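Structure first, commentary second.
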Amino acid sequence: MSVYRRGMTPASECLFCGIVAGDVPADVVHDDEQTVAFRDINGQAPTHVLVVPRDHHPNAASLATAGQGGVDALVRTAAAVAAAEGVAEDYRLVFNTGAEAGQSVFHVHLHLLGGRSFTWPPG
Ligand code: AMP
């Protein structure tokens, strides 16, 4: 059961729930019991993959609070995809939480970025 705050997307209208269900096309690179990983439509690096849980949660904290090991599953999948993409030694994982932090889709997703150098701090 996920928790919604005002302004967040219900699962019935969620783009990434549509991808998980196979109703919205995506370049899926990995799927398993808990997670689906697909290429970002506007990639910011040679490897830019989004890893999502099958269940709808608006953000990483909500997924963690659910207590099903969902965040662990996202990170495990990201590591497996990084290995498959040949970037296992150097990659960046990002959860944006909230519009001011850059979140635009309110179904938690872990960005996996690799294949180039990154700077810090981020913009
Ligand atoms: P965020 O801004 O952290 O919420 O990340 C959302 C990401 O979803 C952005 O990097 C978008 O480019 C990506 N995105 C939006 N729509 C799609 C889609 N249909 N398929 C794949 N990636 C998408």
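Identifiers for the structure tokens are assigned positionally: chains receive A, B, ... in sequence, residues are indexed from 1 per chain, and ligands are indexed from 1 in the order shown.
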Q | Contact residues around Gly86 of chain A with only C-alpha atoms at 10 Å, ignoring same-chain residues under 4 positions, as JSON, numbers by chain | A | {"A": [47, 80, 81, 82, 90, 114, 115]}
**Q.** Those in segment 5-42 of chain A with strand (DSSP E) from DSSP, as a PyMOL selection string
**A.** chain A and resi 28-31+35-39
Q.
What residues of the protein or nucleic acid chains come within 7 Å of ligand 1 when you use only C-alpha atoms and all ligand atoms? Reply as a ChimeraX atom specification.
A. /A:15,26,38-43,95-96,102-106
Near His111 of chain A, counting only C-alpha atoms, which residues have an atom at most 8 Å away, once you skip same-chain residues fewer than 3 positions from it, shown as a PDB file with all heavy atoms, in the first residue's frame?
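Output (around-v3.pdb):
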```
ATOM      1  N   HIS A  48      22.238   5.616 -19.268  1.00  0.00           N
ATOM      2  CA  HIS A  48      21.300   6.316 -18.377  1.00  0.00           C
ATOM      3  C   HIS A  48      20.041   5.462 -18.315  1.00  0.00           C
ATOM      4  O   HIS A  48      19.215   5.475 -19.230  1.00  0.00           O
ATOM      5  CB  HIS A  48      20.985   7.727 -18.872  1.00  0.00           C
ATOM      6  CG  HIS A  48      20.167   8.522 -17.879  1.00  0.00           C
ATOM      7  ND1 HIS A  48      19.881   9.854 -18.064  1.00  0.00           N
ATOM      8  CD2 HIS A  48      19.585   8.178 -16.702  1.00  0.00           C
ATOM      9  CE1 HIS A  48      19.161  10.292 -17.028  1.00  0.00           C
ATOM     10  NE2 HIS A  48      18.958   9.292 -16.200  1.00  0.00           N
ATOM     11  N   VAL A  49      19.963   4.713 -17.232  1.00  0.00           N
ATOM     12  CA  VAL A  49      18.880   3.747 -17.037  1.00  0.00           C
ATOM     13  C   VAL A  49      18.122   4.125 -15.769  1.00  0.00           C
ATOM     14  O   VAL A  49      18.721   4.549 -14.774  1.00  0.00           O
ATOM     15  CB  VAL A  49      19.469   2.316 -16.932  1.00  0.00           C
ATOM     16  CG1 VAL A  49      18.434   1.317 -16.451  1.00  0.00           C
ATOM     17  CG2 VAL A  49      20.046   1.887 -18.294  1.00  0.00           C
ATOM     18  N   LEU A  50      16.810   3.995 -15.814  1.00  0.00           N
ATOM     19  CA  LEU A  50      15.958   4.217 -14.646  1.00  0.00           C
ATOM     20  C   LEU A  50      15.538   2.863 -14.102  1.00  0.00           C
ATOM     21  O   LEU A  50      15.084   2.004 -14.867  1.00  0.00           O
ATOM     22  CB  LEU A  50      14.718   5.023 -15.033  1.00  0.00           C
ATOM     23  CG  LEU A  50      14.982   6.374 -15.712  1.00  0.00           C
ATOM     24  CD1 LEU A  50      13.667   7.017 -16.138  1.00  0.00           C
ATOM     25  CD2 LEU A  50      15.772   7.307 -14.804  1.00  0.00           C
ATOM     26  N   VAL A  51      15.714   2.681 -12.791  1.00  0.00           N
ATOM     27  CA  VAL A  51      15.313   1.437 -12.142  1.00  0.00           C
ATOM     28  C   VAL A  51      14.134   1.751 -11.233  1.00  0.00           C
ATOM     29  O   VAL A  51      14.234   2.637 -10.375  1.00  0.00           O
ATOM     30  CB  VAL A  51      16.462   0.821 -11.326  1.00  0.00           C
ATOM     31  CG1 VAL A  51      16.058  -0.566 -10.822  1.00  0.00           C
ATOM     32  CG2 VAL A  51      17.753   0.757 -12.133  1.00  0.00           C
ATOM     33  N   ARG A  92      27.072   6.577 -11.291  1.00  0.00           N
ATOM     34  CA  ARG A  92      26.385   7.428 -10.318  1.00  0.00           C
ATOM     35  C   ARG A  92      24.944   6.966 -10.186  1.00  0.00           C
ATOM     36  O   ARG A  92      24.282   6.691 -11.193  1.00  0.00           O
ATOM     37  CB  ARG A  92      26.426   8.904 -10.761  1.00  0.00           C
ATOM     38  CG  ARG A  92      25.754   9.844  -9.781  1.00  0.00           C
ATOM     39  CD  ARG A  92      25.981  11.297 -10.136  1.00  0.00           C
ATOM     40  NE  ARG A  92      27.354  11.705  -9.874  1.00  0.00           N
ATOM     41  CZ  ARG A  92      27.805  12.957  -9.993  1.00  0.00           C
ATOM     42  NH1 ARG A  92      26.986  13.928 -10.394  1.00  0.00           N
ATOM     43  NH2 ARG A  92      29.066  13.252  -9.725  1.00  0.00           N
ATOM     44  N   LEU A  93      24.484   6.885  -8.936  1.00  0.00           N
ATOM     45  CA  LEU A  93      23.083   6.574  -8.638  1.00  0.00           C
ATOM     46  C   LEU A  93      22.434   7.795  -8.018  1.00  0.00           C
ATOM     47  O   LEU A  93      23.010   8.402  -7.112  1.00  0.00           O
ATOM     48  CB  LEU A  93      22.985   5.393  -7.660  1.00  0.00           C
ATOM     49  CG  LEU A  93      23.594   4.067  -8.120  1.00  0.00           C
ATOM     50  CD1 LEU A  93      23.420   3.005  -7.032  1.00  0.00           C
ATOM     51  CD2 LEU A  93      22.948   3.602  -9.417  1.00  0.00           C
ATOM     52  N   VAL A  94      21.232   8.155  -8.483  1.00  0.00           N
ATOM     53  CA  VAL A  94      20.549   9.366  -8.007  1.00  0.00           C
ATOM     54  C   VAL A  94      19.070   9.081  -7.788  1.00  0.00           C
ATOM     55  O   VAL A  94      18.399   8.534  -8.676  1.00  0.00           O
ATOM     56  CB  VAL A  94      20.674  10.515  -9.044  1.00  0.00           C
ATOM     57  CG1 VAL A  94      19.900  11.745  -8.590  1.00  0.00           C
ATOM     58  CG2 VAL A  94      22.131  10.864  -9.316  1.00  0.00           C
ATOM     59  N   PHE A  95      18.582   9.481  -6.607  1.00  0.00           N
ATOM     60  CA  PHE A  95      17.141   9.579  -6.352  1.00  0.00           C
ATOM     61  C   PHE A  95      16.818  11.065  -6.234  1.00  0.00           C
ATOM     62  O   PHE A  95      17.304  11.715  -5.295  1.00  0.00           O
ATOM     63  CB  PHE A  95      16.764   8.958  -5.002  1.00  0.00           C
ATOM     64  CG  PHE A  95      16.742   7.467  -4.903  1.00  0.00           C
ATOM     65  CD1 PHE A  95      17.585   6.819  -4.009  1.00  0.00           C
ATOM     66  CD2 PHE A  95      15.850   6.706  -5.638  1.00  0.00           C
ATOM     67  CE1 PHE A  95      17.547   5.438  -3.857  1.00  0.00           C
ATOM     68  CE2 PHE A  95      15.802   5.319  -5.497  1.00  0.00           C
ATOM     69  CZ  PHE A  95      16.658   4.686  -4.608  1.00  0.00           C
TER      70      PHE A  95
END
```
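Using only C-alpha atoms, the smallest distance between any of A:Leu63, A:Val87, A:Val52, A:Leu113 and His30 of chain A comes from A:Val52.
Each of A:Glu100, A:Glu13, A:Ala84, A:Pro122 was checked against Val29 of chain A using only C-alpha atoms; the smallest atom-to-atom distance is that of A:Ala84.
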Q: Write down as a VMD selection string the residues belonging to segment 5-117 of chain A that are assigned helix (DSSP H, G or I) by DSSP computed on the backbone.
A: chain A and resid 11 to 13 15 to 21 60 to 66 70 to 85 99 to 101
